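J.: Provided herewith: upload-v1.cif, mmCIF, C-alpha atoms and all ligand atoms.
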data_final
loop_
_atom_site.label_atom_id
_atom_site.label_comp_id
_atom_site.auth_asym_id
_atom_site.auth_seq_id
_atom_site.Cartn_x
_atom_site.Cartn_y
_atom_site.Cartn_z
CA MET Y 226 -23.22 -8.49 -8.12
CA GLU Y 227 -22.34 -7.08 -4.73
CA ASN Y 228 -24.24 -3.92 -5.78
CA ASP Y 229 -27.50 -5.78 -5.22
CA LYS Y 230 -26.62 -6.50 -1.61
CA ASP Y 231 -26.65 -4.28 1.44
CA TYR Y 232 -22.88 -4.10 1.76
CA LYS Y 233 -21.26 -0.87 2.83
CA ASN Y 234 -17.95 -1.84 4.44
CA ALA Y 235 -14.83 -3.32 2.90
CA MET Y 236 -11.30 -4.00 4.08
CA VAL Y 237 -8.17 -4.62 2.06
CA VAL Y 238 -5.31 -6.50 3.74
CA VAL Y 239 -1.96 -6.39 1.91
CA ALA Y 240 1.71 -6.87 2.69
CA HIS Y 241 3.19 -3.59 1.40
CA PRO Y 242 2.29 0.02 0.74
CA ASP Y 243 1.40 0.13 -3.03
CA ASP Y 244 0.27 -3.56 -3.30
CA ALA Y 245 -3.41 -2.60 -3.18
CA GLU Y 246 -2.84 0.19 -5.70
CA TYR Y 247 -1.70 -2.40 -8.23
CA GLY Y 248 -4.20 -5.11 -7.41
CA CYS Y 249 -7.54 -3.69 -6.32
CA SER Y 250 -7.49 0.12 -6.17
CA GLY Y 251 -10.05 0.38 -8.98
CA SER Y 252 -12.58 -1.69 -7.03
CA VAL Y 253 -11.74 0.27 -3.88
CA ALA Y 254 -12.32 3.55 -5.74
CA GLU Y 255 -15.70 2.30 -6.99
CA TRP Y 256 -16.76 1.42 -3.45
CA CYS Y 257 -15.61 4.81 -2.14
CA ILE Y 258 -17.52 6.57 -4.95
CA LYS Y 259 -20.64 4.68 -3.79
CA GLY Y 260 -20.07 5.92 -0.24
CA TRP Y 261 -18.79 2.75 1.38
CA ASP Y 262 -16.38 2.79 4.31
CA VAL Y 263 -13.17 1.17 3.06
CA VAL Y 264 -10.17 0.51 5.31
CA TYR Y 265 -6.69 -0.65 4.34
CA THR Y 266 -4.67 -2.84 6.70
CA LEU Y 267 -0.97 -2.82 5.82
CA CYS Y 268 0.97 -5.73 7.29
CA THR Y 269 4.54 -4.50 6.76
CA ASP Y 270 6.28 -1.15 6.92
CA GLY Y 271 7.62 -1.33 3.36
CA SER Y 272 11.04 -0.47 4.76
CA LYS Y 273 13.18 -2.45 2.31
CA GLY Y 274 11.99 -1.07 -1.03
CA SER Y 275 14.97 1.09 -1.94
CA ASP Y 276 18.40 0.67 -3.49
CA ASP Y 277 19.53 4.18 -2.48
CA PRO Y 278 22.70 3.68 -0.38
CA ASN Y 279 21.75 6.70 1.75
CA MET Y 280 18.30 5.37 2.60
CA THR Y 281 17.60 3.92 6.06
CA THR Y 282 14.77 1.64 7.11
CA SER Y 283 13.31 4.22 9.48
CA LYS Y 284 13.41 7.00 6.87
CA LEU Y 285 11.86 4.72 4.26
CA THR Y 286 9.09 3.58 6.65
CA GLU Y 287 8.16 7.22 7.20
CA ILE Y 288 8.11 7.91 3.44
CA ARG Y 289 6.06 4.83 2.60
CA TYR Y 290 3.49 5.39 5.34
CA ALA Y 291 3.04 8.98 4.13
CA GLU Y 292 2.67 7.80 0.51
CA GLN Y 293 0.07 5.18 1.51
CA ILE Y 294 -1.92 7.72 3.52
CA GLU Y 295 -1.87 10.10 0.54
CA ALA Y 296 -3.00 7.30 -1.81
CA GLY Y 297 -5.80 6.53 0.64
CA LYS Y 298 -6.98 10.15 0.55
CA ILE Y 299 -7.08 10.08 -3.26
CA LEU Y 300 -9.14 6.88 -3.25
CA GLY Y 301 -11.43 8.12 -0.46
CA LEU Y 302 -10.54 5.55 2.22
CA LYS Y 303 -11.97 5.84 5.70
CA GLU Y 304 -8.70 4.78 7.32
CA VAL Y 305 -5.31 3.15 6.79
CA GLU Y 306 -4.13 0.83 9.57
CA PHE Y 307 -0.45 -0.16 9.84
CA LEU Y 308 0.48 -3.38 11.65
CA GLY Y 309 4.19 -2.50 11.42
CA TYR Y 310 5.77 -5.88 10.65
CA SER Y 311 9.19 -5.67 9.03
CA ASP Y 312 9.21 -5.66 5.23
CA ALA Y 313 10.72 -8.83 3.68
CA PHE Y 314 10.30 -10.96 6.81
CA LEU Y 315 6.53 -11.43 7.03
CA GLU Y 316 5.34 -14.89 8.09
CA PRO Y 317 1.77 -16.26 8.30
CA SER Y 318 2.20 -16.41 12.08
CA LEU Y 319 -0.48 -16.74 14.75
CA GLU Y 320 0.51 -13.24 15.87
CA LEU Y 321 -0.18 -11.77 12.41
CA ARG Y 322 -3.46 -13.70 12.18
CA LYS Y 323 -4.59 -12.25 15.51
CA ASP Y 324 -3.62 -8.70 14.47
CA ILE Y 325 -5.75 -9.07 11.32
CA VAL Y 326 -8.64 -10.48 13.38
CA ARG Y 327 -8.38 -7.39 15.59
CA MET Y 328 -8.75 -5.17 12.50
CA ILE Y 329 -11.67 -7.24 11.14
CA ARG Y 330 -13.51 -7.07 14.45
CA LYS Y 331 -12.82 -3.34 14.75
CA HIS Y 332 -13.96 -2.35 11.24
CA LYS Y 333 -16.51 -5.14 10.50
CA PRO Y 334 -16.03 -5.48 6.71
CA ASP Y 335 -18.69 -7.18 4.56
CA ILE Y 336 -16.03 -7.85 1.91
CA LEU Y 337 -12.37 -8.52 2.66
CA VAL Y 338 -9.86 -8.30 -0.18
CA CYS Y 339 -6.52 -10.06 0.22
CA GLN Y 340 -3.53 -11.34 -1.72
CA SER Y 341 -3.24 -14.89 -2.96
CA PRO Y 342 -1.57 -17.33 -0.56
CA TYR Y 343 -0.39 -19.40 -3.56
CA ARG Y 344 2.76 -19.00 -5.58
CA SER Y 345 2.00 -19.30 -9.28
CA LEU Y 346 4.70 -20.10 -11.79
CA ASN Y 347 2.54 -18.85 -14.64
CA THR Y 348 1.73 -15.28 -13.61
CA SER Y 349 3.80 -12.25 -12.59
CA TYR Y 350 6.72 -13.39 -10.46
CA ALA Y 351 6.29 -10.32 -8.21
CA ALA Y 352 2.91 -11.68 -7.11
CA GLY Y 353 4.84 -14.47 -5.37
CA HIS Y 354 6.78 -12.16 -3.03
CA PRO Y 355 6.94 -14.17 0.22
CA ASP Y 356 5.33 -11.29 2.14
CA HIS Y 357 2.34 -11.39 -0.26
CA LEU Y 358 1.88 -15.14 0.28
CA ALA Y 359 2.14 -14.70 4.07
CA ALA Y 360 -0.35 -11.81 4.12
CA GLY Y 361 -2.77 -13.85 1.98
CA GLU Y 362 -2.57 -16.94 4.18
CA ALA Y 363 -2.91 -14.97 7.44
CA SER Y 364 -5.87 -12.98 6.05
CA MET Y 365 -7.78 -16.04 4.90
CA SER Y 366 -7.22 -17.75 8.25
CA ALA Y 367 -8.29 -14.60 10.09
CA VAL Y 368 -11.55 -14.40 8.10
CA TYR Y 369 -12.32 -18.06 8.71
CA PRO Y 370 -12.59 -19.12 11.42
CA SER Y 371 -10.83 -16.77 13.84
CA SER Y 372 -12.73 -13.49 13.42
CA ARG Y 373 -16.04 -15.41 13.65
CA ASP Y 374 -15.44 -17.57 16.74
CA ARG Y 375 -15.94 -15.88 20.08
CA LEU Y 376 -13.92 -18.36 22.14
CA THR Y 377 -10.76 -18.00 20.04
CA TYR Y 378 -9.57 -14.74 21.60
CA PRO Y 379 -11.18 -14.04 24.99
CA ASP Y 380 -8.86 -11.05 25.42
CA LEU Y 381 -10.27 -9.41 22.27
CA LEU Y 382 -13.77 -9.83 23.73
CA GLU Y 383 -12.56 -8.00 26.83
CA GLU Y 384 -11.34 -5.18 24.56
CA GLY Y 385 -14.91 -4.98 23.22
CA LEU Y 386 -13.97 -6.55 19.87
CA LEU Y 387 -16.88 -8.89 19.25
CA PRO Y 388 -16.87 -11.73 16.68
CA HIS Y 389 -17.58 -10.66 13.10
CA LYS Y 390 -18.52 -12.67 10.03
CA VAL Y 391 -17.03 -11.43 6.77
CA ARG Y 392 -19.52 -12.20 4.01
CA GLU Y 393 -17.25 -12.31 0.96
CA LEU Y 394 -13.56 -12.86 0.50
CA TRP Y 395 -12.07 -11.48 -2.72
CA VAL Y 396 -8.61 -12.88 -3.45
CA MET Y 397 -6.60 -10.78 -5.89
CA THR Y 398 -5.37 -13.01 -8.70
CA SER Y 399 -4.87 -12.99 -12.44
CA GLY Y 400 -4.50 -16.78 -12.55
CA PRO Y 401 -6.97 -19.37 -13.90
CA GLU Y 402 -8.69 -19.57 -10.50
CA ALA Y 403 -10.06 -16.02 -10.95
CA ASP Y 404 -13.84 -16.29 -11.31
CA TYR Y 405 -15.03 -12.73 -10.88
CA VAL Y 406 -14.38 -9.64 -13.00
CA ASN Y 407 -15.23 -6.32 -11.37
CA GLU Y 408 -15.85 -3.43 -13.78
CA ILE Y 409 -13.95 -0.20 -13.16
CA THR Y 410 -15.36 3.09 -14.47
CA GLU Y 411 -13.29 5.94 -15.93
CA GLU Y 412 -13.59 7.83 -12.63
CA GLY Y 413 -12.54 4.79 -10.62
CA MET Y 414 -9.58 4.23 -12.94
CA SER Y 415 -8.57 7.86 -12.69
CA ARG Y 416 -8.50 7.65 -8.87
CA ALA Y 417 -6.60 4.34 -9.07
CA LYS Y 418 -3.90 5.86 -11.31
CA ASN Y 419 -3.50 8.93 -9.10
CA ALA Y 420 -3.32 6.71 -6.01
CA LEU Y 421 -0.53 4.62 -7.54
CA GLN Y 422 1.26 7.83 -8.53
CA ALA Y 423 1.26 8.83 -4.83
CA HIS Y 424 3.79 6.05 -4.16
CA SER Y 425 6.46 8.20 -5.75
CA SER Y 426 9.40 6.47 -4.02
CA GLN Y 427 8.38 3.24 -5.79
CA VAL Y 428 6.69 3.96 -9.11
CA SER Y 429 7.48 5.48 -12.49
CA GLU Y 430 5.34 6.54 -15.43
CA GLU Y 431 5.98 3.06 -16.78
CA SER Y 432 4.47 1.46 -13.63
CA ILE Y 433 1.28 3.49 -14.08
CA LEU Y 434 1.04 2.47 -17.75
CA ARG Y 435 1.63 -1.19 -16.86
CA MET Y 436 -1.07 -1.15 -14.17
CA THR Y 437 -3.50 0.58 -16.56
CA GLN Y 438 -2.78 -2.00 -19.25
CA TRP Y 439 -3.45 -4.92 -16.84
CA LYS Y 440 -6.83 -3.49 -15.91
CA LYS Y 441 -7.64 -2.81 -19.57
CA GLU Y 442 -6.79 -6.38 -20.54
CA ALA Y 443 -8.92 -7.72 -17.66
CA GLY Y 444 -11.92 -5.72 -18.89
CA GLU Y 445 -11.64 -6.27 -22.65
CA PRO Y 446 -13.17 -9.79 -22.91
CA HIS Y 447 -16.20 -8.55 -20.96
CA GLY Y 448 -16.78 -5.30 -22.85
CA TYR Y 449 -15.52 -3.15 -19.95
CA SER Y 450 -13.00 -0.33 -20.39
CA TYR Y 451 -11.22 -1.52 -17.25
CA ALA Y 452 -11.66 -4.29 -14.70
CA GLU Y 453 -9.97 -6.20 -11.90
CA ARG Y 454 -10.01 -9.96 -11.45
CA PHE Y 455 -10.59 -11.90 -8.25
CA LYS Y 456 -11.33 -15.33 -6.88
CA LYS Y 457 -14.53 -14.65 -4.97
CA ILE Y 458 -15.37 -16.83 -1.98
CA LEU Y 459 -18.80 -16.54 -0.40
CA LEU Y 460 -18.96 -17.24 3.33
CA LYS Y 461 -22.09 -18.34 5.11
ZN ZN E 1 4.30 -6.04 -2.37
#
Please rewrite the model in this file as C-alpha cells.
Ligand SMILES: [Zn+2]
T.:
Amino acid sequence: MENDKDYKNAMVVVAHPDDAEYGCSGSVAEWCIKGWDVVYTLCTDGSKGSDDPNMTTSKLTEIRYAEQIEAGKILGLKEVEFLGYSDAFLEPSLELRKDIVRMIRKHKPDILVCQSPYRSLNTSYAAGHPDHLAAGEASMSAVYPSSRDRLTYPDLLEEGLLPHKVRELWVMTSGPEADYVNEITEEGMSRAKNALQAHSSQVSEESILRMTQWKKEAGEPHGYSYAERFKKILLK
C-alpha cells in the first residue's frame, strides 16, 4: 500500500478536462483528504466537446478550464496546470513530452497517474480516444527516462528544473492488465461525484450514476464500497 510509504505528492496527467474525474478522482480525493499535494496537468483545452452550433472553441475553452478549476477545488487539489494543446489533435510528440517533464520537475510527484497508451477493443470505446492514447504515451515517456536524466534538457536545468524520479506510475485501466485496486471511502466518493458534477457542460445525472457504478463494480470483488483500478508500475 502506498499508505505505508512516505509519499505526499501526486500528479495526474490527462488529455481533457473531466477525464480524471471519471478515471481517478476517488483516489485523488483520498490523497487530498490525507493532506497530500496533488496537481492536475491537462494536456488539451477541451475545446471540441460541444455540439451546440453557437459554441466557439475559445468560449468552450474558457468554460472547460473554469469547470476543471472548480472540480479541483472540490477535490482539494493544490493546482491545475493547462498545457493548452488543441482538443482532438493531441499527438505523443517530443514537444508534449517535454512539457510534461517540465511539470514533473516543477511539482516533483511521488506518484504519477496517467491514461493508458493502449487501445483496447474489449473495454469502453471512449477510453481509446486518440488524445487519451497520446497523453498516456507522452506521460510514460516523460516519467522514464526524460524527467530523470539531467542531460536530456539542459535548458530546463537552466530554468532551475532539476531531474526528478517519479516512484510509482499508476495507469488508469479497467482492462485485464489492471493489477491494483485502490479503495475509495464514502467521503472520497462524495468528493469525486461533486467534482464530476462541476463539468456541467459535459455531464448529466446519468454520467454521475455511470461513474459511480463503475467504481462500485471495481470495489465489490474486494469487499470495498468503491474502488478504482490501475496498472501500477514501480520505478527504481
Ligand atoms: Zn477525454
J.: Select the residues contacting ligand ZN 1 (chain E) at a distance of at most 10 Å, based on only C-alpha atoms and all ligand atoms, then format the selection as a ChimeraX atom specification.
T.: /Y:239-245,247-248,269,271,274,312-313,340,351-358,360
J.: Write a file of the just-selected residues containing C-alpha atoms, as an mmCIF file, in the coordinates of the input.
T.:
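The file below, again.cif, is the result:
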data_model
loop_
_atom_site.group_PDB
_atom_site.id
_atom_site.type_symbol
_atom_site.label_atom_id
_atom_site.label_comp_id
_atom_site.auth_asym_id
_atom_site.auth_seq_id
_atom_site.Cartn_x
_atom_site.Cartn_y
_atom_site.Cartn_z
ATOM 1 C CA VAL Y 239 -1.960 -6.390 1.910
ATOM 2 C CA ALA Y 240 1.710 -6.870 2.690
ATOM 3 C CA HIS Y 241 3.190 -3.590 1.400
ATOM 4 C CA PRO Y 242 2.290 0.020 0.740
ATOM 5 C CA ASP Y 243 1.400 0.130 -3.030
ATOM 6 C CA ASP Y 244 0.270 -3.560 -3.300
ATOM 7 C CA ALA Y 245 -3.410 -2.600 -3.180
ATOM 8 C CA TYR Y 247 -1.700 -2.400 -8.230
ATOM 9 C CA GLY Y 248 -4.200 -5.110 -7.410
ATOM 10 C CA THR Y 269 4.540 -4.500 6.760
ATOM 11 C CA GLY Y 271 7.620 -1.330 3.360
ATOM 12 C CA GLY Y 274 11.990 -1.070 -1.030
ATOM 13 C CA ASP Y 312 9.210 -5.660 5.230
ATOM 14 C CA ALA Y 313 10.720 -8.830 3.680
ATOM 15 C CA GLN Y 340 -3.530 -11.340 -1.720
ATOM 16 C CA ALA Y 351 6.290 -10.320 -8.210
ATOM 17 C CA ALA Y 352 2.910 -11.680 -7.110
ATOM 18 C CA GLY Y 353 4.840 -14.470 -5.370
ATOM 19 C CA HIS Y 354 6.780 -12.160 -3.030
ATOM 20 C CA PRO Y 355 6.940 -14.170 0.220
ATOM 21 C CA ASP Y 356 5.330 -11.290 2.140
ATOM 22 C CA HIS Y 357 2.340 -11.390 -0.260
ATOM 23 C CA LEU Y 358 1.880 -15.140 0.280
ATOM 24 C CA ALA Y 360 -0.350 -11.810 4.120
#
J.: Go through segment 241-331 of chain Y residue by residue and, counting only C-alpha atoms, keep those with an atom at most 12 Å from segment 390-399 of chain Y; for each kept residue give the shortest atom pair and its distance in Å to one decimal, ordered by chain and increasing number, as a tab-separated table.
T.:
residue	atom	partner	partner_atom	distance
Y:Asp244	CA	Y:Met397	CA	10.3
Y:Ala245	CA	Y:Met397	CA	9.2
Y:Glu246	CA	Y:Met397	CA	11.6
Y:Tyr247	CA	Y:Met397	CA	10.0
Y:Gly248	CA	Y:Met397	CA	6.3
Y:Cys249	CA	Y:Met397	CA	7.2
Y:Ser250	CA	Y:Met397	CA	10.9
Y:Ser252	CA	Y:Trp395	CA	10.7
Y:Val253	CA	Y:Trp395	CA	11.8
Y:Val326	CA	Y:Lys390	CA	10.7
Y:Met328	CA	Y:Val391	CA	11.9
Y:Ile329	CA	Y:Val391	CA	8.1
Y:Arg330	CA	Y:Lys390	CA	8.7
Y:Lys331	CA	Y:Lys390	CA	11.9
J.: Atoms to include: C-alpha atoms. Write the selected residues as an mmCIF file, keeping the file's coordinate frame.
T.:
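Saved result, out_22.cif, follows:
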data_model
loop_
_atom_site.group_PDB
_atom_site.id
_atom_site.type_symbol
_atom_site.label_atom_id
_atom_site.label_comp_id
_atom_site.auth_asym_id
_atom_site.auth_seq_id
_atom_site.Cartn_x
_atom_site.Cartn_y
_atom_site.Cartn_z
ATOM 1 C CA ASP Y 244 0.270 -3.560 -3.300
ATOM 2 C CA ALA Y 245 -3.410 -2.600 -3.180
ATOM 3 C CA GLU Y 246 -2.840 0.190 -5.700
ATOM 4 C CA TYR Y 247 -1.700 -2.400 -8.230
ATOM 5 C CA GLY Y 248 -4.200 -5.110 -7.410
ATOM 6 C CA CYS Y 249 -7.540 -3.690 -6.320
ATOM 7 C CA SER Y 250 -7.490 0.120 -6.170
ATOM 8 C CA SER Y 252 -12.580 -1.690 -7.030
ATOM 9 C CA VAL Y 253 -11.740 0.270 -3.880
ATOM 10 C CA VAL Y 326 -8.640 -10.480 13.380
ATOM 11 C CA MET Y 328 -8.750 -5.170 12.500
ATOM 12 C CA ILE Y 329 -11.670 -7.240 11.140
ATOM 13 C CA ARG Y 330 -13.510 -7.070 14.450
ATOM 14 C CA LYS Y 331 -12.820 -3.340 14.750
#
J.: With distances taken over all atoms listed in the file, which of Y:Lys230, Y:Lys441, Y:Arg375, Y:Lys323 is nearest to Glu411 of chain Y?
T.: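 Among Y:Lys230, Y:Lys441, Y:Arg375, Y:Lys323, it is Y:Lys441 that comes nearest to Glu411 of chain Y.
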J.: Can you tell me how far atom CA of Glu362 of chain Y sits from atom CA of Ala254 of chain Y, in Å to one decimal?
T.: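 According to the coordinates, atom CA of Glu362 of chain Y and atom CA of Ala254 of chain Y are separated by 24.8 Å.
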J.: Calculated over only C-alpha atoms, which of the candidates Y:Leu381, Y:Leu319, Y:Leu267, Y:Ala363 has the smallest distance to Gln293 of chain Y?
T.: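 Answer, going by the shortest atom-to-atom distance: Y:Leu267.
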J.: Counting only C-alpha atoms, figure out which residue out of Y:Asp335, Y:Ser311, Y:Ser432, Y:Ser364 gets nearest to Lys233 of chain Y.
T.: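 For Lys233 of chain Y, the nearest of the given residues is Y:Asp335.
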J.: What lies within 9 Å of Gln422 of chain Y using all atoms listed in the file, ignoring chain neighbours under 4 positions off, as a tab-separated table (two decimals) with C-alpha atoms, in the coordinates of the input?
T.:
chain	number	residue	atom	x	y	z
Y	296	ALA	CA	-3.00	7.30	-1.81
Y	417	ALA	CA	-6.60	4.34	-9.07
Y	418	LYS	CA	-3.90	5.86	-11.31
Y	427	GLN	CA	8.38	3.24	-5.79
Y	428	VAL	CA	6.69	3.96	-9.11
Y	429	SER	CA	7.48	5.48	-12.49
Y	430	GLU	CA	5.34	6.54	-15.43
Y	432	SER	CA	4.47	1.46	-13.63
Y	433	ILE	CA	1.28	3.49	-14.08
J.: Quick check, in Å to one decimal: how far apart do atom CA of Val338 of chain Y and atom CA of Glu316 of chain Y lie?
T.: 18.5 Å
J.: Which one of Y:Ser272, Y:Tyr369, Y:Glu383, Y:Asn279 sits closest to Tyr310 of chain Y if you count only C-alpha atoms?
T.: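 Looking only at the distances to Tyr310 of chain Y, the closest residue turns out to be Y:Ser272.
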J.: Tell me, in Å to one decimal, how far atom CA of Met236 of chain Y is from atom CA of Ile336 of chain Y.
T.: 6.5 Å
J.: Counting all atoms listed in the file, figure out which residue out of Y:Arg416, Y:Asp270, Y:Lys461, Y:Glu292 gets nearest to Leu315 of chain Y.
T.: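 Of Y:Arg416, Y:Asp270, Y:Lys461, Y:Glu292, the one nearest Leu315 of chain Y, counting all atoms listed in the file, is Y:Asp270.
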J.: Between Y:Gly413, Y:Gly385, Y:Gly297, Y:Pro379, which residue has the minimum interatomic distance to Tyr451 of chain Y, considering all atoms listed in the file?
T.: Y:Gly413
J.: List the spatial neighbours of Glu408 of chain Y as a PyMOL selection string - criterion: any atom at most 8 Å away, only C-alpha atoms, same-chain residues fewer than 3 positions off excluded.
T.: chain Y and resi 252+444+449-453
